[in-house]
$ cat my_file.txt   # compact mmCIF, C-alpha atoms and all ligand atoms
# COMPACT_ATOMS: atom_id res chain seq x y z
CA MET A 121 17.55 -130.89 -41.10
CA LYS A 122 19.68 -128.46 -39.11
CA ARG A 123 18.35 -124.95 -38.63
CA PRO A 124 20.17 -121.93 -37.24
CA PHE A 125 18.76 -120.26 -34.12
CA PHE A 126 17.98 -117.12 -36.12
CA THR A 127 15.81 -116.46 -39.16
CA TYR A 128 16.99 -115.14 -42.49
CA GLU A 129 15.30 -111.81 -41.75
CA GLU A 130 17.01 -111.56 -38.36
CA ILE A 131 20.49 -112.34 -39.66
CA LYS A 132 20.16 -109.89 -42.55
CA GLU A 133 19.48 -107.15 -39.99
CA ILE A 134 22.29 -108.31 -37.72
CA CYS A 135 24.73 -108.30 -40.68
CA LYS A 136 23.81 -104.67 -41.37
CA LYS A 137 24.91 -103.81 -37.86
CA TYR A 138 28.03 -105.98 -37.60
CA PRO A 139 30.31 -106.79 -40.53
CA THR A 140 30.97 -110.48 -41.23
CA PRO A 141 32.60 -112.68 -40.21
CA PHE A 142 31.39 -112.91 -36.61
CA TYR A 143 30.39 -115.46 -34.04
CA ILE A 144 26.89 -115.28 -32.65
CA TYR A 145 25.70 -117.11 -29.51
CA ASP A 146 22.19 -118.00 -28.44
CA GLU A 147 21.60 -117.09 -24.78
CA GLU A 148 18.33 -118.99 -24.56
CA GLY A 149 19.86 -122.19 -25.96
CA ILE A 150 22.77 -122.07 -23.52
CA ARG A 151 20.45 -121.56 -20.54
CA GLN A 152 18.09 -124.35 -21.60
CA GLY A 153 20.95 -126.80 -22.17
CA ILE A 154 22.27 -126.18 -18.66
CA ARG A 155 18.80 -126.62 -17.16
CA ASN A 156 18.39 -129.94 -18.96
CA LEU A 157 21.71 -131.13 -17.59
CA GLN A 158 20.81 -130.07 -14.05
CA LYS A 159 17.45 -131.77 -14.32
CA ALA A 160 19.08 -135.02 -15.41
CA PHE A 161 21.32 -134.98 -12.33
CA SER A 162 18.84 -133.45 -9.87
CA TRP A 163 18.78 -136.77 -7.96
CA ASN A 164 22.34 -136.03 -6.82
CA LYS A 165 22.31 -133.60 -3.91
CA ASN A 166 25.45 -131.65 -4.71
CA PHE A 167 25.63 -132.01 -8.48
CA LYS A 168 27.56 -129.19 -10.12
CA GLU A 169 28.66 -128.44 -13.66
CA TYR A 170 31.97 -126.59 -14.09
CA TYR A 171 31.93 -125.15 -17.60
CA ALA A 172 35.25 -125.74 -19.38
CA VAL A 173 36.33 -122.13 -19.94
CA LYS A 174 38.67 -123.07 -22.77
CA ALA A 175 35.66 -123.99 -24.92
CA CYS A 176 34.53 -120.35 -25.17
CA PRO A 177 36.33 -117.92 -22.88
CA ASN A 178 34.04 -114.90 -23.17
CA PRO A 179 33.16 -113.32 -19.80
CA THR A 180 29.62 -112.38 -20.88
CA LEU A 181 28.88 -116.03 -21.66
CA LEU A 182 30.65 -117.14 -18.47
CA ARG A 183 28.40 -114.81 -16.45
CA ILE A 184 25.29 -116.33 -18.04
CA ILE A 185 26.60 -119.81 -17.28
CA LYS A 186 27.39 -118.82 -13.69
CA GLU A 187 23.90 -117.33 -13.30
CA GLU A 188 22.52 -120.78 -14.14
CA GLY A 189 24.37 -122.19 -11.13
CA CYS A 190 27.52 -123.52 -12.77
CA GLY A 191 31.12 -123.15 -11.73
CA LEU A 192 34.09 -122.88 -14.07
CA ASP A 193 36.74 -125.40 -15.04
CA CYS A 194 40.00 -123.52 -15.60
CA SER A 195 43.38 -124.75 -16.76
CA SER A 196 45.59 -121.69 -17.04
CA TYR A 197 46.49 -118.41 -15.37
CA THR A 198 44.35 -116.28 -17.70
CA GLU A 199 41.37 -118.60 -17.36
CA LEU A 200 41.66 -118.17 -13.60
CA MET A 201 41.68 -114.39 -14.17
CA LEU A 202 38.41 -114.66 -16.09
CA ALA A 203 36.92 -116.76 -13.29
CA GLU A 204 38.01 -114.27 -10.64
CA ALA A 205 36.73 -111.37 -12.72
CA ILE A 206 33.20 -112.78 -12.85
CA GLY A 207 33.18 -113.47 -9.13
CA CYS A 208 34.07 -117.16 -8.91
CA THR A 209 36.11 -118.37 -5.94
CA GLY A 210 36.45 -121.50 -3.83
CA ASP A 211 34.09 -124.28 -4.84
CA ASP A 212 33.07 -122.36 -7.98
CA ILE A 213 36.41 -123.16 -9.62
CA MET A 214 37.80 -126.52 -10.65
CA PHE A 215 41.43 -126.11 -11.66
CA SER A 216 42.03 -129.03 -14.05
CA SER A 217 45.39 -128.26 -15.59
CA ASN A 218 48.35 -130.29 -16.76
CA VAL A 219 52.05 -129.43 -17.09
CA THR A 220 51.13 -126.68 -14.63
CA PRO A 221 53.50 -123.76 -14.00
CA ALA A 222 54.12 -122.96 -10.33
CA GLU A 223 52.52 -119.51 -10.59
CA ASP A 224 49.28 -121.06 -11.82
CA TYR A 225 49.09 -123.26 -8.73
CA VAL A 226 49.84 -120.27 -6.52
CA TYR A 227 46.98 -118.35 -8.12
CA ALA A 228 44.59 -121.31 -7.95
CA ARG A 229 45.38 -121.70 -4.24
CA GLU A 230 44.88 -117.99 -3.66
CA LEU A 231 41.35 -118.32 -5.07
CA ASP A 232 40.89 -121.46 -2.93
CA SER A 233 39.80 -123.33 -6.05
CA ILE A 234 39.50 -127.10 -6.18
CA ILE A 235 42.82 -128.29 -7.56
CA ASN A 236 42.75 -131.33 -9.80
CA LEU A 237 46.23 -132.87 -9.83
CA ASP A 238 47.26 -134.35 -13.15
CA ASP A 239 50.32 -136.22 -11.89
CA PHE A 240 51.87 -137.90 -8.88
CA THR A 241 54.89 -135.58 -8.97
CA HIS A 242 52.57 -132.58 -8.71
CA ILE A 243 51.83 -133.45 -5.08
CA GLU A 244 55.33 -132.43 -4.09
CA PHE A 245 55.37 -129.60 -6.64
CA LEU A 246 52.13 -128.12 -5.33
CA GLU A 247 53.22 -128.46 -1.70
CA GLU A 248 56.53 -126.79 -2.42
CA HIS A 249 55.16 -123.86 -4.41
CA ALA A 250 51.68 -123.18 -3.09
CA GLY A 251 51.06 -125.46 -0.10
CA LEU A 252 48.47 -128.24 0.09
CA PRO A 253 44.76 -127.44 0.42
CA LYS A 254 42.28 -129.34 2.62
CA ARG A 255 40.47 -130.86 -0.37
CA ILE A 256 41.95 -132.06 -3.56
CA CYS A 257 41.03 -133.92 -6.74
CA LEU A 258 43.22 -136.43 -8.54
CA ARG A 259 43.08 -137.29 -12.21
CA TYR A 260 42.94 -140.97 -13.14
CA ASN A 261 44.20 -142.65 -16.30
CA PRO A 262 43.19 -146.32 -16.51
CA GLY A 263 45.45 -147.00 -19.52
CA GLY A 264 44.44 -149.28 -22.37
CA GLU A 265 41.40 -148.46 -24.43
CA MET A 266 38.00 -147.19 -23.38
CA MET A 267 35.55 -149.67 -24.92
CA ILE A 268 31.78 -149.68 -25.10
CA GLY A 269 30.76 -153.01 -26.55
CA ASN A 270 33.11 -153.45 -29.49
CA THR A 271 33.66 -149.76 -30.11
CA ILE A 272 36.77 -147.88 -29.05
CA MET A 273 35.63 -144.65 -27.41
CA GLY A 274 39.03 -143.32 -26.48
CA ASN A 275 42.63 -144.34 -26.01
CA PRO A 276 43.73 -143.44 -22.45
CA GLY A 277 46.87 -145.61 -22.74
CA ASP A 278 48.16 -143.13 -25.28
CA ALA A 279 47.08 -139.99 -23.42
CA LYS A 280 49.41 -137.73 -21.41
CA TYR A 281 46.83 -137.09 -18.70
CA GLY A 282 46.24 -138.53 -15.25
CA MET A 283 47.81 -141.10 -12.94
CA THR A 284 47.83 -144.88 -12.71
CA LYS A 285 45.77 -146.54 -10.01
CA GLU A 286 48.91 -147.36 -8.01
CA GLN A 287 49.97 -143.72 -8.12
CA LEU A 288 46.51 -142.62 -6.99
CA ILE A 289 46.59 -144.90 -3.97
CA GLN A 290 50.12 -143.94 -3.04
CA GLY A 291 49.34 -140.26 -3.64
CA ILE A 292 46.23 -140.29 -1.50
CA LYS A 293 48.13 -141.95 1.37
CA ILE A 294 50.76 -139.23 1.18
CA LEU A 295 48.16 -136.45 0.97
CA MET A 296 46.26 -137.88 3.95
CA SER A 297 49.46 -138.00 5.99
CA LYS A 298 49.97 -134.32 5.15
CA GLY A 299 46.53 -133.33 6.40
CA VAL A 300 44.36 -133.34 3.26
CA GLU A 301 40.82 -134.17 4.38
CA GLU A 302 38.61 -134.41 1.29
CA PHE A 303 39.16 -136.13 -2.03
CA GLY A 304 37.70 -136.22 -5.49
CA ILE A 305 38.52 -138.40 -8.51
CA HIS A 306 38.46 -137.19 -12.09
CA ALA A 307 38.88 -138.85 -15.48
CA PHE A 308 38.42 -137.66 -19.06
CA LEU A 309 38.75 -140.63 -21.36
CA ALA A 310 36.94 -139.72 -24.57
CA SER A 311 35.85 -136.60 -26.37
CA ASN A 312 32.72 -135.61 -28.31
CA VAL A 313 30.94 -138.88 -27.50
CA LEU A 314 27.35 -139.27 -28.65
CA ASP A 315 26.98 -142.77 -27.20
CA ASN A 316 24.77 -142.29 -24.13
CA ASN A 317 26.54 -145.14 -22.37
CA TYR A 318 29.94 -143.42 -22.24
CA TYR A 319 29.22 -141.26 -19.19
CA VAL A 320 27.46 -144.14 -17.47
CA LYS A 321 30.42 -146.44 -18.03
CA LEU A 322 32.87 -143.74 -16.90
CA ALA A 323 30.80 -143.14 -13.76
CA GLU A 324 30.75 -146.88 -12.98
CA MET A 325 34.50 -147.04 -13.37
CA LEU A 326 35.07 -144.06 -11.07
CA PHE A 327 32.54 -145.21 -8.47
CA GLU A 328 34.24 -148.60 -8.28
CA LEU A 329 37.62 -146.92 -8.03
CA VAL A 330 36.46 -144.64 -5.22
CA VAL A 331 35.06 -147.59 -3.26
CA GLU A 332 38.26 -149.58 -3.77
CA ILE A 333 40.58 -146.73 -2.73
CA ASN A 334 38.34 -145.89 0.22
CA ASN A 335 38.61 -149.50 1.39
CA ILE A 336 42.39 -149.42 1.11
CA THR A 337 43.11 -145.95 2.50
CA GLY A 338 40.00 -144.83 4.37
CA ALA A 339 40.13 -141.59 2.35
CA ASN A 340 37.06 -139.37 2.58
CA PHE A 341 35.73 -139.01 -0.97
CA THR A 342 33.29 -136.14 -1.40
CA PHE A 343 32.96 -136.02 -5.18
CA VAL A 344 33.50 -137.75 -8.49
CA ASN A 345 34.28 -135.52 -11.47
CA LEU A 346 33.05 -136.98 -14.74
CA SER A 347 34.74 -134.18 -16.68
CA GLY A 348 33.78 -133.31 -20.26
CA GLY A 349 33.20 -135.41 -23.30
CA ILE A 350 29.46 -135.45 -24.00
CA GLY A 351 29.20 -134.91 -27.74
CA ILE A 352 26.90 -132.87 -29.93
CA PRO A 353 25.35 -133.82 -33.26
CA TYR A 354 27.55 -131.97 -35.76
CA ARG A 355 26.01 -133.89 -38.69
CA PRO A 356 22.35 -133.49 -39.63
CA GLY A 357 21.39 -137.17 -39.09
CA GLU A 358 23.03 -137.50 -35.67
CA LYS A 359 21.02 -137.51 -32.46
CA CYS A 360 21.57 -135.30 -29.40
CA ALA A 361 22.90 -137.02 -26.31
CA ASP A 362 19.96 -138.13 -24.14
CA LEU A 363 20.71 -136.34 -20.89
CA MET A 364 17.82 -137.96 -18.98
CA TYR A 365 19.06 -141.43 -20.00
CA ILE A 366 22.61 -140.52 -18.96
CA GLY A 367 21.48 -139.08 -15.61
CA LYS A 368 19.38 -142.15 -14.90
CA GLY A 369 22.22 -144.52 -15.86
CA VAL A 370 24.67 -142.72 -13.57
CA LYS A 371 22.06 -142.83 -10.78
CA GLU A 372 21.66 -146.60 -11.16
CA ALA A 373 25.43 -147.06 -11.00
CA PHE A 374 25.52 -144.80 -7.93
CA GLU A 375 22.86 -146.85 -6.17
CA ARG A 376 24.47 -150.13 -7.09
CA ILE A 377 28.08 -149.21 -6.25
CA ILE A 378 28.15 -146.27 -3.80
CA LYS A 379 25.02 -146.90 -1.66
CA PRO A 380 26.14 -150.28 -0.22
CA SER A 381 29.75 -149.09 0.27
CA ASN A 382 31.47 -147.13 3.03
CA VAL A 383 31.60 -144.08 0.76
CA SER A 384 29.07 -141.42 1.81
CA ASP A 385 25.76 -141.06 -0.08
CA ASP A 386 26.58 -137.36 -0.14
CA LEU A 387 29.18 -138.09 -2.80
CA ALA A 388 28.65 -135.32 -5.34
CA ILE A 389 28.75 -135.69 -9.10
CA LYS A 390 30.65 -132.94 -10.85
CA THR A 391 31.02 -132.39 -14.58
CA GLU A 392 33.24 -130.17 -16.71
CA LEU A 393 31.29 -130.07 -19.94
CA GLY A 394 32.32 -127.54 -22.54
CA ARG A 395 31.09 -128.65 -25.94
CA TYR A 396 27.67 -129.73 -24.69
CA ILE A 397 27.05 -126.37 -22.99
CA THR A 398 27.91 -123.89 -25.75
CA GLY A 399 28.77 -125.92 -28.88
CA PRO A 400 25.33 -126.01 -30.56
CA HIS A 401 24.55 -122.46 -29.44
CA GLY A 402 27.27 -120.70 -31.41
CA ILE A 403 27.33 -120.05 -35.16
CA LEU A 404 30.09 -118.54 -37.28
CA VAL A 405 28.42 -116.17 -39.75
CA THR A 406 30.33 -115.48 -42.94
CA LYS A 407 29.65 -114.15 -46.45
CA ALA A 408 30.48 -115.62 -49.84
CA ILE A 409 32.90 -113.17 -51.46
CA HIS A 410 34.31 -115.18 -54.37
CA HIS A 411 33.49 -117.93 -56.84
CA LYS A 412 36.20 -119.97 -58.44
CA ASP A 413 35.77 -122.75 -60.99
CA ILE A 414 38.85 -124.79 -61.92
CA TYR A 415 39.02 -128.56 -61.46
CA LYS A 416 36.54 -128.13 -58.63
CA ASN A 417 34.06 -125.43 -57.71
CA TYR A 418 35.08 -123.19 -54.86
CA ILE A 419 33.20 -120.63 -52.84
CA GLY A 420 35.52 -118.24 -51.04
CA VAL A 421 34.16 -116.77 -47.81
CA ASP A 422 35.31 -113.94 -45.56
CA ALA A 423 36.05 -116.26 -42.62
CA CYS A 424 38.96 -118.70 -42.64
CA ALA A 425 40.53 -121.45 -40.56
CA ALA A 426 42.05 -118.76 -38.33
CA ASN A 427 38.45 -118.11 -37.19
CA LEU A 428 37.39 -121.76 -36.94
CA LEU A 429 40.16 -124.33 -36.95
CA ARG A 430 38.31 -127.58 -36.35
CA PRO A 431 37.70 -128.54 -39.99
CA ALA A 432 41.35 -127.88 -40.96
CA MET A 433 42.75 -129.45 -37.81
CA TYR A 434 40.64 -132.58 -37.42
CA GLY A 435 38.71 -132.74 -40.67
CA ALA A 436 35.72 -131.97 -38.43
CA TYR A 437 32.30 -131.67 -40.05
CA HIS A 438 30.42 -128.41 -39.49
CA HIS A 439 27.06 -128.11 -41.12
CA ILE A 440 26.54 -125.01 -43.27
CA THR A 441 23.22 -123.33 -44.02
CA VAL A 442 22.98 -120.88 -46.91
CA MET A 443 20.63 -118.34 -45.39
CA GLY A 444 17.41 -117.76 -47.29
CA LYS A 445 17.97 -120.96 -49.30
CA GLU A 446 17.00 -123.44 -46.59
CA GLU A 447 14.33 -125.02 -48.76
CA GLU A 448 16.31 -125.10 -52.00
CA PRO A 449 17.67 -128.43 -53.29
CA ASN A 450 21.40 -129.22 -53.04
CA THR A 451 22.10 -128.94 -56.75
CA HIS A 452 25.75 -127.88 -56.51
CA VAL A 453 28.90 -129.39 -55.05
CA TYR A 454 31.37 -126.98 -53.50
CA ASP A 455 34.49 -126.63 -51.44
CA ILE A 456 33.87 -123.71 -49.07
CA THR A 457 37.23 -122.08 -48.47
CA GLY A 458 38.88 -119.34 -46.47
CA GLY A 459 41.77 -117.22 -47.65
CA LEU A 460 44.74 -118.68 -45.76
CA CYS A 461 47.73 -119.78 -47.83
CA GLU A 462 47.05 -123.35 -46.68
CA ASN A 463 45.12 -125.80 -48.78
CA ASN A 464 43.42 -127.28 -45.72
CA ASP A 465 41.63 -123.96 -45.15
CA LYS A 466 38.27 -125.42 -46.12
CA PHE A 467 35.07 -125.34 -44.06
CA ALA A 468 33.54 -127.98 -46.34
CA VAL A 469 34.88 -130.30 -49.03
CA ASP A 470 32.73 -131.68 -51.85
CA ARG A 471 29.60 -130.52 -50.01
CA ALA A 472 26.27 -130.70 -51.84
CA MET A 473 24.57 -127.33 -51.36
CA PRO A 474 22.10 -124.99 -53.01
CA GLU A 475 23.60 -122.65 -55.58
CA ILE A 476 25.61 -119.99 -53.75
CA GLU A 477 25.86 -116.44 -55.02
CA THR A 478 28.35 -113.79 -53.99
CA GLY A 479 26.93 -111.93 -51.00
CA ASP A 480 25.04 -114.94 -49.63
CA ILE A 481 25.21 -115.29 -45.85
CA LEU A 482 26.46 -118.68 -44.66
CA ALA A 483 25.81 -120.01 -41.16
CA ILE A 484 28.51 -122.44 -39.99
CA HIS A 485 26.82 -124.43 -37.24
CA ASP A 486 27.95 -125.83 -33.90
CA ALA A 487 30.87 -123.46 -33.54
CA GLY A 488 30.09 -122.35 -29.98
CA ALA A 489 32.75 -124.51 -28.34
CA HIS A 490 36.39 -124.83 -29.38
CA GLY A 491 35.55 -122.38 -32.19
CA PHE A 492 36.51 -118.75 -31.57
CA ALA A 493 38.70 -120.04 -28.74
CA MET A 494 41.04 -121.91 -31.08
CA GLY A 495 41.42 -118.88 -33.36
CA TYR A 496 44.81 -117.55 -34.30
CA ASN A 497 46.44 -114.85 -36.41
CA TYR A 498 48.22 -116.78 -39.17
CA ASN A 499 48.58 -114.85 -42.44
CA GLY A 500 47.85 -111.72 -40.44
CA LYS A 501 44.16 -112.66 -40.24
CA LEU A 502 42.31 -110.89 -37.47
CA ARG A 503 39.99 -112.44 -34.91
CA SER A 504 36.31 -111.72 -35.46
CA ALA A 505 33.72 -110.12 -33.22
CA GLU A 506 31.47 -112.16 -30.92
CA ILE A 507 27.81 -111.27 -30.59
CA LEU A 508 25.20 -112.42 -28.13
CA LEU A 509 21.65 -113.03 -29.33
CA LYS A 510 19.81 -112.35 -26.11
CA THR A 511 16.69 -114.05 -24.87
CA ASP A 512 14.66 -110.97 -25.93
CA ARG A 513 16.10 -111.40 -29.50
CA THR A 514 18.19 -108.22 -29.32
CA THR A 515 21.92 -108.40 -29.95
CA GLN A 516 24.89 -107.31 -27.87
CA LEU A 517 28.50 -107.02 -29.02
CA ILE A 518 30.39 -109.07 -26.45
CA ARG A 519 33.79 -108.87 -28.13
CA ARG A 520 34.74 -106.41 -30.84
CA ALA A 521 36.66 -107.58 -33.89
CA GLU A 522 40.43 -107.21 -33.84
CA THR A 523 41.97 -104.32 -35.73
CA PRO A 524 45.43 -104.14 -37.31
CA MET A 525 46.47 -102.20 -34.22
CA ASP A 526 45.65 -105.22 -32.04
CA TYR A 527 47.68 -107.44 -34.32
CA PHE A 528 50.75 -105.22 -34.10
CA GLN A 529 50.34 -104.31 -30.45
CA THR A 530 53.06 -106.53 -29.03
CA LEU A 531 55.73 -105.22 -31.37
CA ASP A 532 58.19 -102.54 -30.50
CA PHE A 533 56.88 -99.91 -32.90
CA ASP A 534 59.19 -97.88 -34.98
CA GLU A 535 58.02 -94.65 -36.56
CA ASP A 536 57.39 -96.17 -39.99
CA LEU A 537 55.07 -98.87 -38.62
CA SER A 538 53.23 -96.36 -36.41
CA ARG A 539 52.65 -94.12 -39.41
CA ILE A 540 51.19 -96.98 -41.49
CA ILE A 541 48.96 -98.20 -38.64
CA GLU A 542 47.61 -94.68 -38.19
CA LYS A 543 46.96 -94.36 -41.94
CA ARG A 544 45.48 -97.83 -42.55
CA LYS A 545 43.58 -98.61 -39.36
C1 LIG B 1 38.57 -129.84 -22.72
C2 LIG B 1 38.26 -130.30 -21.34
C3 LIG B 1 36.93 -130.38 -20.91
C4 LIG B 1 35.75 -130.07 -21.80
O1 LIG B 1 35.63 -131.00 -22.79
P1 LIG B 1 34.36 -131.00 -23.79
O2 LIG B 1 34.72 -132.04 -24.79
O3 LIG B 1 34.30 -129.64 -24.36
O4 LIG B 1 33.17 -131.34 -23.00
C5 LIG B 1 36.71 -130.75 -19.60
N1 LIG B 1 37.73 -131.04 -18.76
C6 LIG B 1 39.02 -130.98 -19.14
C7 LIG B 1 40.08 -131.30 -18.16
C8 LIG B 1 39.32 -130.62 -20.45
O5 LIG B 1 40.60 -130.58 -20.84

$ encode --input "my_file.txt" --output "structure tokens"
Amino acid sequence: MKRPFFTYEEIKEICKKYPTPFYIYDEEGIRQGIRNLQKAFSWNKNFKEYYAVKACPNPTLLRIIKEEGCGLDCSSYTELMLAEAIGCTGDDIMFSSNVTPAEDYVYARELDSIINLDDFTHIEFLEEHAGLPKRICLRYNPGGEMMIGNTIMGNPGDAKYGMTKEQLIQGIKILMSKGVEEFGIHAFLASNVLDNNYYVKLAEMLFELVVEINNITGANFTFVNLSGGIGIPYRPGEKCADLMYIGKGVKEAFERIIKPSNVSDDLAIKTELGRYITGPHGILVTKAIHHKDIYKNYIGVDACAANLLRPAMYGAYHHITVMGKEEEPNTHVYDITGGLCENNDKFAVDRAMPEIETGDILAIHDAGAHGFAMGYNYNGKLRSAEILLKTDRTTQLIRRAETPMDYFQTLDFDEDLSRIIEKRK
């Protein structure tokens, strides 16, 4: 049984203050999740999580995450701006981009962030546009399929990211000859994985790779970046990833592979988790505004796929709680839909739920990562507000909702449009 991180009484009060739809985030949950991660990797001297900013780029949340000792994983110019704005520089920033514009590299170098090169050709590109730093990370793509037992976890051979092993070795030789002193290796081979053995297997692969490349080139490896990918239980029956098991498994691989090698025991583990950090701690709150009974039964809500794209884009499951009806039996079968002129604008399809009445508050769970962030303005829909539920149970508006003025802002206004915006705002 999935429960929201607020009570019915609390959310009724919050809805009086802020009109739906809105995102709400649980400060306490985010902090606890980070502490659990850090505990699981406390055996590693220089362990550091770099929160993937793209998962939820709100500076108030980023500050909380930074306060817990994390850095930020950025991949674009504006994400670097957010990082700089909250006081991250140098080792606090991992710049893991791909198809990177020159100005992004220039900015990343200016902040002295750790640059994670996605491709062999970017060595020359970076040198030409921004100069080479003293430490650098390279992204690996092993090709083929990522298997655990008989299960395919991911399909790196089909992915645009990273370099082949030959390119890594060649690249590191070139970088060493140009004065680069410290290296890291990164790989991101599967997403939203609940199998606890994924990270362990990935760590083994990267540890072995680091030892092999160190033997060939003598390169000084100071960290391995396990990237993102730890999944969250979107469905009620699924189990949370077992962080202690994962940390212990990575430690065993470290002791088996790194300890007896020439690679230093100071080798740090770095992660770039996004979904694990904020995913479960964000909920999209929406209200039922329409009923429609034709060949199926529909509940229309005031949020739509422009607020939360994952169900429409990937058919992703997001659990939905009808607030105040947590104990009622699932006697009805509904499609829960938004108002886009797109038939895939459905938060749930054929979902068994308690009877829903107009005005009911629905909590769409696990929307704290890749939720608000993937929002868009199709059909002229406006982005919602974001609210923080603080540890003391008070709320703070951390992003106001968009207004029509925001939507029209980038246009060259003529008088007629200005007059309508003024009248209808
Ligand atoms: C998206 C991304 C992440 C975060 O992935 P999650 O699945 O949210 O953990 C980390 N690193 C890179 C390079 C990414 O693109």

$ residues_around --input "my_file.txt" --residues "Asp526 (chain A)" --least-positions-apart "5" --cutoff "10 Å" --atoms "all atoms listed in the file" --output "short mmCIF file (atom, residue, chain, number, x, y, z; two decimals) with C-alpha atoms, keeping the file's coordinate frame"
data_model
loop_
_atom_site.label_atom_id
_atom_site.label_comp_id
_atom_site.auth_asym_id
_atom_site.auth_seq_id
_atom_site.Cartn_x
_atom_site.Cartn_y
_atom_site.Cartn_z
CA LEU A 502 42.31 -110.89 -37.47
CA ARG A 503 39.99 -112.44 -34.91
CA ALA A 521 36.66 -107.58 -33.89
#

$ residues_around --input "my_file.txt" --residues "region 467-484 of chain A" --least-positions-apart "5" --cutoff "10 Å" --atoms "all atoms listed in the file" --output "number ranges by chain"
A: 123-126, 128, 131-132, 135, 140-141, 143-144, 402-411, 416-421, 423-425, 428-432, 435-458

$ write_last_selection --input "my_file.txt" --atoms "C-alpha atoms" --output "CSV table (one decimal), in the coordinates of the input"
chain,number,residue,atom,x,y,z
A,123,ARG,CA,18.4,-125.0,-38.6
A,124,PRO,CA,20.2,-121.9,-37.2
A,125,PHE,CA,18.8,-120.3,-34.1
A,126,PHE,CA,18.0,-117.1,-36.1
A,128,TYR,CA,17.0,-115.1,-42.5
A,131,ILE,CA,20.5,-112.3,-39.7
A,132,LYS,CA,20.2,-109.9,-42.6
A,135,CYS,CA,24.7,-108.3,-40.7
A,140,THR,CA,31.0,-110.5,-41.2
A,141,PRO,CA,32.6,-112.7,-40.2
A,143,TYR,CA,30.4,-115.5,-34.0
A,144,ILE,CA,26.9,-115.3,-32.6
A,402,GLY,CA,27.3,-120.7,-31.4
A,403,ILE,CA,27.3,-120.0,-35.2
A,404,LEU,CA,30.1,-118.5,-37.3
A,405,VAL,CA,28.4,-116.2,-39.8
A,406,THR,CA,30.3,-115.5,-42.9
A,407,LYS,CA,29.6,-114.2,-46.4
A,408,ALA,CA,30.5,-115.6,-49.8
A,409,ILE,CA,32.9,-113.2,-51.5
A,410,HIS,CA,34.3,-115.2,-54.4
A,411,HIS,CA,33.5,-117.9,-56.8
A,416,LYS,CA,36.5,-128.1,-58.6
A,417,ASN,CA,34.1,-125.4,-57.7
A,418,TYR,CA,35.1,-123.2,-54.9
A,419,ILE,CA,33.2,-120.6,-52.8
A,420,GLY,CA,35.5,-118.2,-51.0
A,421,VAL,CA,34.2,-116.8,-47.8
A,423,ALA,CA,36.0,-116.3,-42.6
A,424,CYS,CA,39.0,-118.7,-42.6
A,425,ALA,CA,40.5,-121.4,-40.6
A,428,LEU,CA,37.4,-121.8,-36.9
A,429,LEU,CA,40.2,-124.3,-37.0
A,430,ARG,CA,38.3,-127.6,-36.4
A,431,PRO,CA,37.7,-128.5,-40.0
A,432,ALA,CA,41.4,-127.9,-41.0
A,435,GLY,CA,38.7,-132.7,-40.7
A,436,ALA,CA,35.7,-132.0,-38.4
A,437,TYR,CA,32.3,-131.7,-40.0
A,438,HIS,CA,30.4,-128.4,-39.5
A,439,HIS,CA,27.1,-128.1,-41.1
A,440,ILE,CA,26.5,-125.0,-43.3
A,441,THR,CA,23.2,-123.3,-44.0
A,442,VAL,CA,23.0,-120.9,-46.9
A,443,MET,CA,20.6,-118.3,-45.4
A,444,GLY,CA,17.4,-117.8,-47.3
A,445,LYS,CA,18.0,-121.0,-49.3
A,446,GLU,CA,17.0,-123.4,-46.6
A,447,GLU,CA,14.3,-125.0,-48.8
A,448,GLU,CA,16.3,-125.1,-52.0
A,449,PRO,CA,17.7,-128.4,-53.3
A,450,ASN,CA,21.4,-129.2,-53.0
A,451,THR,CA,22.1,-128.9,-56.8
A,452,HIS,CA,25.8,-127.9,-56.5
A,453,VAL,CA,28.9,-129.4,-55.0
A,454,TYR,CA,31.4,-127.0,-53.5
A,455,ASP,CA,34.5,-126.6,-51.4
A,456,ILE,CA,33.9,-123.7,-49.1
A,457,THR,CA,37.2,-122.1,-48.5
A,458,GLY,CA,38.9,-119.3,-46.5

$ atom_distance --input "my_file.txt" --atom1 "CA of Gly399 (chain A)" --atom2 "CA of Phe327 (chain A)"
28.3 Å

$ atom_distance --input "my_file.txt" --atom1 "CA of Ile206 (chain A)" --atom2 "CA of Arg259 (chain A)"
26.4 Å

$ residues_around --input "my_file.txt" --residues "Lys254 (chain A)" --least-positions-apart "3" --cutoff "8 Å" --atoms "all atoms listed in the file" --output "list in words"
Gly299, Val300, Glu301 and Glu302 of chain A
